[in-house]
>>> print(open('structure_19.tsv').read())   # TSV, C-alpha atoms and all ligand atoms
chain	number	residue	atom	x	y	z
A	1	MET	CA	94.74	73.11	89.45
A	2	GLU	CA	92.80	75.45	91.68
A	3	LYS	CA	91.68	78.62	89.96
A	4	ARG	CA	93.21	81.92	91.03
A	5	ARG	CA	90.73	83.96	93.01
A	6	LEU	CA	89.98	87.67	93.06
A	7	ALA	CA	87.77	89.42	95.62
A	8	VAL	CA	85.93	92.57	94.51
A	9	ILE	CA	84.50	94.58	97.40
A	10	LEU	CA	81.92	97.27	96.64
A	11	GLY	CA	79.18	98.89	98.68
A	12	ILE	CA	77.32	101.87	97.18
A	13	ARG	CA	75.15	102.72	94.18
A	14	PRO	CA	77.80	104.40	91.99
A	15	ASP	CA	80.18	101.49	92.63
A	16	VAL	CA	77.82	99.11	90.82
A	17	ILE	CA	77.33	101.58	87.97
A	18	ARG	CA	81.02	102.29	87.48
A	19	ALA	CA	82.22	98.70	87.92
A	20	SER	CA	79.38	97.01	86.02
A	21	LEU	CA	81.28	96.28	82.80
A	22	ILE	CA	84.46	95.32	84.66
A	23	LEU	CA	82.57	92.88	86.87
A	24	ASN	CA	80.77	91.32	83.93
A	25	CYS	CA	84.00	90.94	81.99
A	26	ILE	CA	86.13	89.38	84.72
A	27	ARG	CA	83.33	87.13	85.96
A	28	ALA	CA	82.91	85.76	82.43
A	29	ASP	CA	86.46	84.37	82.40
A	30	ASP	CA	86.32	80.65	83.23
A	31	GLU	CA	89.97	80.46	84.14
A	32	VAL	CA	89.57	82.62	87.24
A	33	ASP	CA	87.28	82.71	90.22
A	34	VAL	CA	85.85	86.14	91.04
A	35	THR	CA	84.05	86.65	94.34
A	36	PHE	CA	81.93	89.80	94.39
A	37	ILE	CA	81.44	90.98	97.98
A	38	TRP	CA	78.86	93.65	98.86
A	39	SER	CA	79.64	95.55	102.06
A	40	GLY	CA	76.04	96.58	102.77
A	41	GLN	CA	76.74	100.32	102.99
A	42	HIS	CA	73.79	100.80	100.60
A	43	TYR	CA	71.13	98.18	101.10
A	44	SER	CA	67.67	99.28	99.90
A	45	ASP	CA	66.32	98.05	96.56
A	46	ASN	CA	66.48	101.45	94.86
A	47	LEU	CA	70.07	102.10	95.95
A	48	LYS	CA	71.36	98.62	95.21
A	49	ASP	CA	69.36	95.78	93.62
A	50	ILE	CA	67.71	97.91	90.93
A	51	PHE	CA	71.21	98.67	89.63
A	52	PHE	CA	72.13	94.97	89.52
A	53	ARG	CA	68.97	94.35	87.51
A	54	GLU	CA	69.25	97.32	85.15
A	55	LEU	CA	72.98	96.92	84.52
A	56	LYS	CA	72.69	93.13	84.26
A	57	VAL	CA	75.21	92.48	87.02
A	58	ALA	CA	74.76	89.13	88.78
A	59	PRO	CA	74.19	89.68	92.52
A	60	PRO	CA	77.15	89.47	94.91
A	61	GLU	CA	78.31	86.06	96.08
A	62	ILE	CA	78.77	87.43	99.60
A	63	GLU	CA	76.86	90.16	101.46
A	64	LEU	CA	78.62	91.45	104.57
A	65	LYS	CA	75.58	93.43	105.76
A	66	ALA	CA	77.95	95.90	107.37
A	67	GLY	CA	75.42	98.62	108.00
A	68	GLY	CA	75.34	101.27	110.70
A	69	GLU	CA	74.30	104.79	111.55
A	70	SER	CA	77.66	106.53	111.56
A	71	ASP	CA	80.73	106.34	109.32
A	72	THR	CA	82.58	104.71	112.21
A	73	ASP	CA	79.89	102.05	112.63
A	74	ILE	CA	80.03	101.23	108.93
A	75	THR	CA	83.82	101.19	108.51
A	76	THR	CA	84.46	99.12	111.62
A	77	ALA	CA	81.73	96.67	110.60
A	78	VAL	CA	83.23	96.35	107.10
A	79	ILE	CA	86.68	95.63	108.54
A	80	ALA	CA	85.40	93.17	111.16
A	81	LYS	CA	83.15	91.29	108.76
A	82	LEU	CA	85.53	91.24	105.83
A	83	HIS	CA	88.48	89.83	107.74
A	84	PRO	CA	87.16	86.27	108.33
A	85	VAL	CA	85.82	86.13	104.76
A	86	LEU	CA	89.28	86.93	103.40
A	87	GLU	CA	90.93	84.43	105.71
A	88	GLU	CA	88.75	81.76	104.18
A	89	LEU	CA	88.87	82.90	100.55
A	90	ARG	CA	92.59	83.80	100.49
A	91	PRO	CA	92.25	85.66	97.17
A	92	SER	CA	95.28	86.66	95.10
A	93	ALA	CA	94.15	90.28	95.53
A	94	ALA	CA	91.23	92.37	96.80
A	95	VAL	CA	89.82	95.12	94.61
A	96	PHE	CA	88.15	98.31	95.89
A	97	LEU	CA	86.75	101.33	94.03
A	98	GLY	CA	86.56	104.97	95.04
A	99	ASP	CA	86.62	106.70	98.41
A	100	THR	CA	83.78	105.30	100.53
A	101	ASN	CA	83.49	103.80	103.99
A	102	THR	CA	83.61	100.44	102.19
A	103	THR	CA	87.12	101.12	100.89
A	104	MET	CA	88.36	101.21	104.48
A	105	GLY	CA	87.87	97.44	104.36
A	106	CYS	CA	91.37	97.64	102.84
A	107	LEU	CA	92.65	97.59	106.43
A	108	ALA	CA	91.33	94.04	106.83
A	109	VAL	CA	93.03	93.12	103.55
A	110	ALA	CA	96.27	94.66	104.75
A	111	GLN	CA	96.03	92.72	107.99
A	112	CYS	CA	95.75	89.50	105.97
A	113	ASN	CA	98.73	90.63	103.88
A	114	ILE	CA	96.78	90.24	100.66
A	115	PRO	CA	97.57	92.64	97.78
A	116	ILE	CA	95.19	95.60	97.48
A	117	VAL	CA	93.96	97.01	94.17
A	118	HIS	CA	92.36	100.44	94.00
A	119	ILE	CA	90.22	101.52	91.06
A	120	GLU	CA	89.79	105.33	90.83
A	121	GLY	CA	93.12	105.89	92.54
A	122	CYS	CA	95.02	109.14	93.10
A	123	MET	CA	92.07	111.48	92.69
A	124	ARG	CA	92.53	114.43	95.02
A	125	SER	CA	90.38	117.42	95.91
A	126	TYR	CA	93.07	118.70	98.29
A	127	ASP	CA	90.21	119.48	100.66
A	128	TRP	CA	91.14	117.88	103.96
A	129	ARG	CA	87.67	118.55	105.46
A	130	MET	CA	86.31	115.69	103.39
A	131	PRO	CA	86.45	112.16	104.82
A	132	GLU	CA	86.56	110.95	101.21
A	133	GLU	CA	89.90	112.72	100.69
A	134	LYS	CA	91.34	110.94	103.71
A	135	TYR	CA	89.99	107.57	102.57
A	136	ARG	CA	91.47	108.05	99.08
A	137	THR	CA	94.85	108.86	100.57
A	138	VAL	CA	94.79	105.87	102.93
A	139	ILE	CA	93.83	103.28	100.34
A	140	ASP	CA	96.22	104.62	97.69
A	141	HIS	CA	99.11	104.37	100.11
A	142	LEU	CA	98.19	100.79	101.04
A	143	SER	CA	97.61	99.63	97.47
A	144	ASP	CA	99.84	97.37	95.43
A	145	VAL	CA	98.13	98.25	92.16
A	146	ILE	CA	96.29	101.50	91.41
A	147	TYR	CA	94.10	102.20	88.40
A	148	ALA	CA	94.15	105.97	87.87
A	149	TYR	CA	91.72	107.43	85.35
A	150	LEU	CA	93.98	110.12	83.89
A	151	PRO	CA	97.72	110.83	83.63
A	152	GLU	CA	97.30	113.88	85.87
A	153	TYR	CA	95.96	111.62	88.64
A	154	LYS	CA	98.96	109.33	88.26
A	155	GLN	CA	101.19	112.36	88.63
A	156	GLN	CA	99.35	113.36	91.82
A	157	GLY	CA	100.14	109.91	93.22
A	158	ILE	CA	103.78	110.13	92.21
A	159	ASP	CA	103.99	113.57	93.84
A	160	GLU	CA	102.92	111.89	97.10
A	161	GLY	CA	105.69	109.34	96.82
A	162	LEU	CA	103.71	106.48	95.28
A	163	ASN	CA	105.56	104.15	92.98
A	164	PRO	CA	104.85	105.01	89.31
A	165	GLU	CA	105.18	101.30	88.45
A	166	SER	CA	102.15	100.56	90.64
A	167	ILE	CA	99.88	103.08	88.88
A	168	VAL	CA	98.17	102.16	85.61
A	169	VAL	CA	96.35	104.92	83.68
A	170	THR	CA	93.09	103.57	82.31
A	171	GLY	CA	90.59	106.33	81.50
A	172	ASN	CA	87.30	106.67	83.36
A	173	PRO	CA	84.90	103.68	83.07
A	174	ILE	CA	81.82	105.93	83.32
A	175	VAL	CA	82.39	106.78	79.64
A	176	ASP	CA	82.12	103.08	78.70
A	177	VAL	CA	79.08	102.62	80.94
A	178	LEU	CA	77.25	105.49	79.23
A	179	GLU	CA	78.21	104.12	75.82
A	180	GLU	CA	76.87	100.68	76.72
A	181	TYR	CA	73.79	101.60	78.72
A	182	TYR	CA	72.80	104.92	77.19
A	183	TYR	CA	74.08	105.53	73.66
A	184	LYS	CA	73.64	101.93	72.47
A	185	ARG	CA	70.05	101.91	73.80
A	186	LYS	CA	69.11	105.47	73.01
A	187	SER	CA	66.04	104.58	70.94
A	188	ARG	CA	64.63	102.66	73.91
A	189	TYR	CA	65.17	105.65	76.20
A	190	ASP	CA	63.46	107.91	73.64
A	191	GLU	CA	60.45	105.59	73.65
A	192	ILE	CA	60.16	105.76	77.44
A	193	ALA	CA	60.59	109.55	77.65
A	194	THR	CA	57.07	110.40	76.48
A	195	ASP	CA	55.05	113.48	77.45
A	196	GLU	CA	53.14	111.18	79.77
A	197	PHE	CA	56.40	110.15	81.51
A	198	TYR	CA	57.03	113.81	82.28
A	199	ARG	CA	53.42	114.61	83.13
A	200	GLN	CA	53.41	111.84	85.75
A	201	ARG	CA	56.42	113.52	87.35
A	202	GLY	CA	54.94	117.02	87.28
A	203	ILE	CA	57.57	118.39	84.88
A	204	THR	CA	57.89	119.29	81.20
A	205	LYS	CA	60.61	117.86	78.97
A	206	GLY	CA	63.50	120.31	78.66
A	207	ASP	CA	62.05	122.78	81.15
A	208	TYR	CA	63.29	121.62	84.55
A	209	TYR	CA	66.52	121.21	86.45
A	210	LEU	CA	67.44	117.82	87.84
A	211	MET	CA	69.06	117.90	91.27
A	212	THR	CA	70.91	115.53	93.59
A	213	CYS	CA	72.35	116.49	96.97
A	214	HIS	CA	73.84	114.13	99.53
A	215	ARG	CA	77.28	115.28	100.68
A	216	ARG	CA	77.90	115.49	104.40
A	217	GLU	CA	79.45	118.96	104.17
A	218	ASN	CA	76.24	120.17	102.50
A	219	VAL	CA	73.39	118.43	104.26
A	220	ASP	CA	74.90	118.19	107.74
A	221	ASN	CA	75.71	121.90	107.82
A	222	LEU	CA	72.50	123.83	108.36
A	223	ASN	CA	73.77	127.06	106.78
A	224	SER	CA	75.07	125.30	103.68
A	225	PHE	CA	71.88	123.29	103.30
A	226	LYS	CA	69.80	126.48	103.68
A	227	ALA	CA	71.96	128.18	101.04
A	228	ILE	CA	71.26	125.28	98.66
A	229	LEU	CA	67.51	125.45	99.27
A	230	ASP	CA	67.60	129.25	98.76
A	231	LEU	CA	69.49	128.77	95.50
A	232	ILE	CA	67.06	126.27	94.00
A	233	GLY	CA	64.09	128.32	95.19
A	234	ALA	CA	65.35	131.24	93.13
A	235	THR	CA	64.75	129.72	89.68
A	236	ASP	CA	61.49	129.92	87.73
A	237	ARG	CA	62.01	126.38	86.52
A	238	LYS	CA	60.81	123.30	88.39
A	239	VAL	CA	63.56	121.38	90.16
A	240	TYR	CA	63.15	117.59	90.14
A	241	PHE	CA	64.99	116.22	93.15
A	242	PRO	CA	65.51	112.48	93.73
A	243	ALA	CA	66.79	112.88	97.28
A	244	SER	CA	68.91	110.36	99.15
A	245	TYR	CA	67.33	108.99	102.32
A	246	ARG	CA	69.89	110.75	104.50
A	247	THR	CA	69.03	114.07	102.90
A	248	GLN	CA	65.33	113.42	103.44
A	249	LYS	CA	66.02	112.55	107.07
A	250	VAL	CA	67.93	115.81	107.62
A	251	LEU	CA	65.03	117.76	106.12
A	252	GLN	CA	62.62	116.03	108.50
A	253	GLU	CA	64.81	116.47	111.55
A	254	THR	CA	65.70	120.11	110.97
A	255	GLY	CA	62.27	121.22	109.79
A	256	LEU	CA	63.86	122.76	106.67
A	257	ARG	CA	61.45	122.81	103.73
A	258	CYS	CA	62.08	122.48	100.02
A	259	PRO	CA	60.87	125.54	98.08
A	260	ASP	CA	57.55	125.22	96.22
A	261	ASN	CA	59.14	124.75	92.78
A	262	VAL	CA	60.98	121.65	94.00
A	263	ILE	CA	59.55	118.17	93.47
A	264	MET	CA	61.32	115.85	95.87
A	265	VAL	CA	61.10	112.09	95.26
A	266	ASP	CA	62.88	108.96	96.47
A	267	PRO	CA	66.06	107.90	94.62
A	268	VAL	CA	65.34	106.60	91.10
A	269	GLY	CA	66.89	103.78	89.01
A	270	TYR	CA	69.68	104.36	86.52
A	271	GLN	CA	67.53	104.27	83.40
A	272	GLU	CA	65.18	106.90	84.79
A	273	MET	CA	68.11	108.98	86.04
A	274	LEU	CA	69.73	109.04	82.59
A	275	ILE	CA	66.46	110.04	80.90
A	276	LEU	CA	65.92	112.81	83.44
A	277	THR	CA	69.51	113.98	82.95
A	278	VAL	CA	69.55	114.24	79.17
A	279	ASP	CA	66.14	115.92	78.95
A	280	SER	CA	66.84	118.49	81.67
A	281	ALA	CA	67.81	122.13	81.19
A	282	GLY	CA	70.76	121.40	83.49
A	283	VAL	CA	71.73	119.39	86.54
A	284	ILE	CA	72.36	120.83	90.00
A	285	THR	CA	74.42	118.41	92.05
A	286	ASP	CA	77.09	117.69	94.63
A	287	SER	CA	77.75	114.22	93.23
A	288	GLY	CA	81.09	113.17	91.79
A	289	THR	CA	79.64	110.71	89.30
A	290	VAL	CA	76.78	112.94	88.15
A	291	VAL	CA	79.14	115.74	86.99
A	292	GLU	CA	81.07	113.18	84.97
A	293	GLU	CA	77.88	111.84	83.41
A	294	THR	CA	76.60	115.31	82.52
A	295	CYS	CA	80.00	116.16	81.02
A	296	VAL	CA	79.92	113.06	78.81
A	297	LEU	CA	76.24	113.46	77.90
A	298	GLY	CA	76.63	117.14	76.94
A	299	VAL	CA	74.39	118.47	79.73
A	300	PRO	CA	75.45	121.58	81.71
A	301	SER	CA	75.89	121.17	85.45
A	302	LEU	CA	76.08	123.37	88.50
A	303	GLN	CA	78.33	121.82	91.13
A	304	MET	CA	77.50	122.58	94.75
A	305	ARG	CA	80.98	121.99	96.11
A	306	LYS	CA	83.86	124.07	97.40
A	307	SER	CA	86.40	121.74	95.84
A	308	THR	CA	86.41	118.85	93.42
A	309	GLU	CA	88.68	115.97	92.55
A	310	ARG	CA	87.30	116.18	89.00
A	311	PRO	CA	88.42	119.64	87.80
A	312	GLN	CA	88.32	118.53	84.15
A	313	VAL	CA	84.57	119.24	84.04
A	314	TYR	CA	85.32	122.92	84.71
A	315	ASP	CA	88.28	122.95	82.31
A	316	VAL	CA	86.11	121.96	79.34
A	317	GLY	CA	83.29	124.33	80.33
A	318	SER	CA	80.62	121.77	81.20
A	319	SER	CA	80.11	122.89	84.79
A	320	VAL	CA	79.90	125.99	86.99
A	321	LYS	CA	80.67	126.19	90.69
A	322	PHE	CA	78.48	127.15	93.63
A	323	ASP	CA	80.02	126.96	97.10
A	324	PRO	CA	77.19	126.41	99.61
A	325	ALA	CA	79.49	127.58	102.45
A	326	GLU	CA	80.00	130.98	100.77
A	327	PRO	CA	76.67	131.75	99.10
A	328	ASP	CA	77.27	135.52	99.13
A	329	PHE	CA	80.00	135.05	96.55
A	330	TYR	CA	77.62	133.12	94.27
A	331	PRO	CA	74.35	135.08	93.88
A	332	SER	CA	71.57	132.89	92.55
A	333	ASP	CA	70.76	135.09	89.53
A	334	VAL	CA	74.42	134.95	88.48
A	335	MET	CA	74.52	131.18	89.03
A	336	PHE	CA	71.48	130.46	86.91
A	337	HIS	CA	72.66	132.87	84.24
A	338	LYS	CA	75.98	130.98	84.12
A	339	LEU	CA	74.26	127.61	84.03
A	340	GLU	CA	71.92	128.71	81.24
A	341	SER	CA	74.82	130.16	79.27
A	342	LEU	CA	76.44	126.70	79.11
A	343	ARG	CA	73.43	125.39	77.22
A	344	GLY	CA	73.99	125.16	73.51
A	345	HIS	CA	77.75	124.87	74.01
A	346	THR	CA	79.56	121.70	73.12
A	347	TRP	CA	82.72	120.40	74.70
A	348	GLU	CA	85.05	117.47	74.28
A	349	ASN	CA	84.67	114.64	76.77
A	350	PRO	CA	87.99	114.75	78.68
A	351	LEU	CA	87.39	111.63	80.76
A	352	GLY	CA	88.04	108.60	78.60
A	353	ASP	CA	87.86	106.83	75.25
A	354	GLY	CA	85.25	104.21	76.14
A	355	LYS	CA	87.80	101.40	76.66
A	356	SER	CA	88.63	101.90	80.34
A	357	SER	CA	86.64	98.96	81.71
A	358	GLN	CA	88.27	96.71	79.14
A	359	ARG	CA	91.75	97.99	80.09
A	360	ILE	CA	91.13	97.45	83.80
A	361	SER	CA	89.60	94.00	83.24
A	362	GLU	CA	92.42	92.83	80.99
A	363	ASP	CA	95.08	94.08	83.39
A	364	LEU	CA	93.36	92.41	86.35
A	365	LEU	CA	93.01	89.09	84.51
A	366	THR	CA	96.62	89.13	83.31
A	367	ARG	CA	97.91	89.83	86.81
A	368	LEU	CA	95.62	87.18	88.24
A	369	LYS	CA	96.81	84.52	85.80
A	370	GLU	CA	100.45	85.52	85.93
A	371	GLY	CA	100.69	86.41	89.62
A	372	GLY	CA	101.52	90.06	89.12
A	373	PHE	CA	99.73	91.86	91.94
A	374	ARG	CA	102.55	92.33	94.36
A	375	ASN	CA	104.38	95.40	93.22
A	376	HIS	CA	107.09	97.29	95.00
A	377	ARG	CA	106.04	98.78	98.26
A	378	PRO	CA	104.54	102.12	97.22
A	379	SER	CA	107.56	104.23	98.08
A	380	ASP	CA	110.37	101.71	97.61
A	381	TYR	CA	111.44	103.28	94.38
A	382	HIS	CA	112.93	106.39	95.85
A	383	VAL	CA	114.13	105.33	99.26
A	384	ASP	CA	117.41	103.65	100.01
A	385	THR	CA	116.35	100.28	101.39
A	386	HIS	CA	119.90	99.08	101.87
A	387	ARG	CA	120.03	99.99	105.56
A	388	SER	CA	116.85	98.07	106.32
A	389	TYR	CA	117.73	94.98	104.33
A	390	ARG	CA	121.49	94.72	104.61
A	391	ASP	CA	122.87	91.32	105.44
A	392	ASP	CA	126.45	92.39	105.80
A	393	GLY	CA	128.19	92.59	109.15
A	394	LEU	CA	126.11	89.85	110.77
A	401	LIG	N1	71.80	108.11	90.47
A	401	LIG	C1	70.70	107.33	90.20
A	401	LIG	N2	69.51	107.65	90.82
A	401	LIG	C2	69.37	108.71	91.66
A	401	LIG	C3	70.51	109.52	91.90
A	401	LIG	C4	71.71	109.19	91.30
A	401	LIG	O1	70.78	106.37	89.44
A	401	LIG	O2	68.28	108.93	92.18
A	401	LIG	C5	73.09	107.75	89.87
A	401	LIG	C6	73.78	108.85	89.11
A	401	LIG	O3	73.37	108.87	87.76
A	401	LIG	C7	75.23	108.46	89.27
A	401	LIG	C8	75.29	107.88	90.67
A	401	LIG	O4	73.97	107.42	90.95
A	401	LIG	O5	75.59	107.43	88.37
A	401	LIG	C9	75.72	108.94	91.65
A	401	LIG	O6	75.60	108.51	92.93
A	401	LIG	P1	75.92	109.45	94.17
A	401	LIG	O7	75.69	110.86	93.79
A	401	LIG	O8	75.18	108.91	95.32
A	401	LIG	O9	77.45	109.17	94.48
A	401	LIG	P2	78.82	109.92	94.17
A	401	LIG	O10	79.06	109.84	92.71
A	401	LIG	O11	78.76	111.32	94.68
A	401	LIG	O12	79.80	109.08	94.92
>>> encode(input="structure_19.tsv", output="structure tokens")
Amino acid sequence: MEKRRLAVILGIRPDVIRASLILNCIRADDEVDVTFIWSGQHYSDNLKDIFFRELKVAPPEIELKAGGESDTDITTAVIAKLHPVLEELRPSAAVFLGDTNTTMGCLAVAQCNIPIVHIEGCMRSYDWRMPEEKYRTVIDHLSDVIYAYLPEYKQQGIDEGLNPESIVVTGNPIVDVLEEYYYKRKSRYDEIATDEFYRQRGITKGDYYLMTCHRRENVDNLNSFKAILDLIGATDRKVYFPASYRTQKVLQETGLRCPDNVIMVDPVGYQEMLILTVDSAGVITDSGTVVEETCVLGVPSLQMRKSTERPQVYDVGSSVKFDPAEPDFYPSDVMFHKLESLRGHTWENPLGDGKSSQRISEDLLTRLKEGGFRNHRPSDYHVDTHRSYRDDGL
């Protein structure tokens, strides 16, 4: 008998990190056939392949190479290139993760009438300026099965009319990833993090802030980007800044300069990133995944975002907010005082119990083997379908 097939479509750095354990688990099952498809949204070695190597994820079976300059170029290329692949593979379902251009490949899946699965479903920032918020909403409303990290996310989906039976609460896989790749290997990380490691990077262990900054609403808005550079220039500490290539390009094109205390480098691998995170005095970031990691690892963070779909990191007191669009409300001395005051505090990790990847993998495999992907249409449960389906009076 032919094996049931699942397509998993990912395309950016944090996708590999977050899905690493899930991919390894479902690919190890001989009874099913998993095709890992890489969209090509991220393509350079240090945004893609290094993560396959470090997280021991076998490379994708299919690379769509759906690159492009703009979001439109990328999304349309993903849809156009994914469609024929799906027509040939005819998987039982297609799995996406998160809120990226790659997830808009779900339109090709919908056109093929193949069930859609969304990991990281029903997160909402309620900030309609963000393309990510629109993408999340679109894919959730097209999905047959949604894995939501927390019960409150499931409730958000239900409040939008999604079918509760389609939403499975799993916990956040980043907790499992940090357990597997950080805590279980901590002694190895300690060995690498020598004084020499820090000297080579121009920083001293414990006496620097780590920073990442890549969001469109921050780097594409000159005033917001300037406010960020002013903020980080106002601390006495060094700021170590692995900057995404887009961010570097904006700096070049606009002529904006990083302040003198900032050491800007190319993006780093996951192992190096985790070392730099745990040994920092705090992390300054606009990344969704990084604030989760700092929350789990017990490192304070300063979030450079007006809104977040991950408010739990504020609730437990692991993060403070800076809105780059309204810098006058967030004076730098107050911000750094707040960030420093989080140090020495402990908080409970509110994101998961370390078994999320296992839950998602087991649910996927069960559905794959038992044919359980097609759920009710998302809003069937509360609409009267009688008028559409009636066969009386013919
Ligand atoms: N990361 C990394 N190297 C870097 C910057 C980030 O390994 O130079 C990791 C980081 O630890 C986190 C993920 O990449 O796991 C975050 O990616 P990004 O901020 O691009 O995406 P987002 O989470 O905002 O979607």
>>> residues_near_ligand(input="structure_19.tsv", ligand="ligand LIG 401 (chain A)", cutoff="10 Å", atoms="all atoms listed in the file", output="PyMOL selection string")
chain A and resi 12-18+42+46-48+50-51+98-100+132+174+177-178+210-215+241-244+265-277+285-294
>>> closest_residue(input="structure_19.tsv", among="A:Thr76, A:Thr308, A:Ser44, A:Thr170", to="Ser357 of chain A", atoms="all atoms listed in the file")
A:Thr170
>>> closest_residue(input="structure_19.tsv", among="A:Ser307, A:Gln156, A:Asn24, A:Thr254", to="Glu217 of chain A", atoms="only C-alpha atoms")
A:Ser307
>>> atom_distance(input="structure_19.tsv", atom1="atom CA of Ile79 of chain A", atom2="atom CA of Gln248 of chain A")
28.3 Å
>>> residues_around(input="structure_19.tsv", residues="Phe96 of chain A", least_positions_apart="3", cutoff="8 Å", atoms="all atoms listed in the file", output="list of chain:residue names")
A:Val8, A:Ile9, A:Leu10, A:Thr103, A:Cys106, A:Ile116, A:Val117, A:His118, A:Ile119
>>> closest_residue(input="structure_19.tsv", among="A:Ala148, A:Val57, A:Val278, A:Leu97", to="Tyr208 of chain A", atoms="all atoms listed in the file")
A:Val278
>>> closest_residue(input="structure_19.tsv", among="A:Gln358, A:Gln155, A:Thr75, A:Thr247", to="Tyr135 of chain A", atoms="only C-alpha atoms")
A:Thr75
>>> atom_distance(input="structure_19.tsv", atom1="atom CA of Arg390 of chain A", atom2="atom CA of Arg374 of chain A")
21.7 Å
>>> atom_distance(input="structure_19.tsv", atom1="atom CA of Ser70 of chain A", atom2="atom CA of Lys226 of chain A")
22.8 Å
>>> decode(input="structure_19.tsv", residues="segment 279-292 of chain A", atoms="N, CA and C atoms", output="mmCIF file, in the first residue's frame")
data_model
loop_
_atom_site.group_PDB
_atom_site.id
_atom_site.type_symbol
_atom_site.label_atom_id
_atom_site.label_comp_id
_atom_site.auth_asym_id
_atom_site.auth_seq_id
_atom_site.Cartn_x
_atom_site.Cartn_y
_atom_site.Cartn_z
ATOM 1 N N ASP A 279 24.615 34.938 28.098
ATOM 2 C CA ASP A 279 25.691 35.672 28.779
ATOM 3 C C ASP A 279 25.542 37.192 28.672
ATOM 4 N N SER A 280 24.434 37.650 28.095
ATOM 5 C CA SER A 280 24.260 39.099 27.947
ATOM 6 C C SER A 280 23.645 39.691 29.214
ATOM 7 N N ALA A 281 23.718 41.033 29.297
ATOM 8 C CA ALA A 281 23.043 41.725 30.406
ATOM 9 C C ALA A 281 21.563 41.904 30.080
ATOM 10 N N GLY A 282 21.187 41.636 28.835
ATOM 11 C CA GLY A 282 19.804 41.767 28.396
ATOM 12 C C GLY A 282 19.778 41.781 26.884
ATOM 13 N N VAL A 283 18.603 41.538 26.314
ATOM 14 C CA VAL A 283 18.489 41.476 24.860
ATOM 15 C C VAL A 283 17.501 42.546 24.391
ATOM 16 N N ILE A 284 17.927 43.291 23.379
ATOM 17 C CA ILE A 284 17.093 44.347 22.800
ATOM 18 C C ILE A 284 16.649 43.832 21.437
ATOM 19 N N THR A 285 15.343 43.729 21.207
ATOM 20 C CA THR A 285 14.935 42.997 20.004
ATOM 21 C C THR A 285 13.543 43.383 19.524
ATOM 22 N N ASP A 286 13.288 43.147 18.235
ATOM 23 C CA ASP A 286 11.915 43.239 17.734
ATOM 24 C C ASP A 286 11.462 41.878 17.213
ATOM 25 N N SER A 287 12.176 40.831 17.607
ATOM 26 C CA SER A 287 11.877 39.482 17.114
ATOM 27 C C SER A 287 10.852 38.774 17.999
ATOM 28 N N GLY A 288 9.951 38.044 17.346
ATOM 29 C CA GLY A 288 8.976 37.264 18.104
ATOM 30 C C GLY A 288 9.629 36.103 18.827
ATOM 31 N N THR A 289 10.494 35.378 18.123
ATOM 32 C CA THR A 289 11.096 34.187 18.718
ATOM 33 C C THR A 289 12.094 34.556 19.813
ATOM 34 N N VAL A 290 12.850 35.629 19.603
ATOM 35 C CA VAL A 290 13.882 35.973 20.579
ATOM 36 C C VAL A 290 13.263 36.318 21.944
ATOM 37 N N VAL A 291 12.108 36.992 21.978
ATOM 38 C CA VAL A 291 11.519 37.299 23.295
ATOM 39 C C VAL A 291 11.011 36.042 23.993
ATOM 40 N N GLU A 292 10.634 35.050 23.191
ATOM 41 C CA GLU A 292 10.251 33.765 23.818
ATOM 42 C C GLU A 292 11.490 33.093 24.400
#
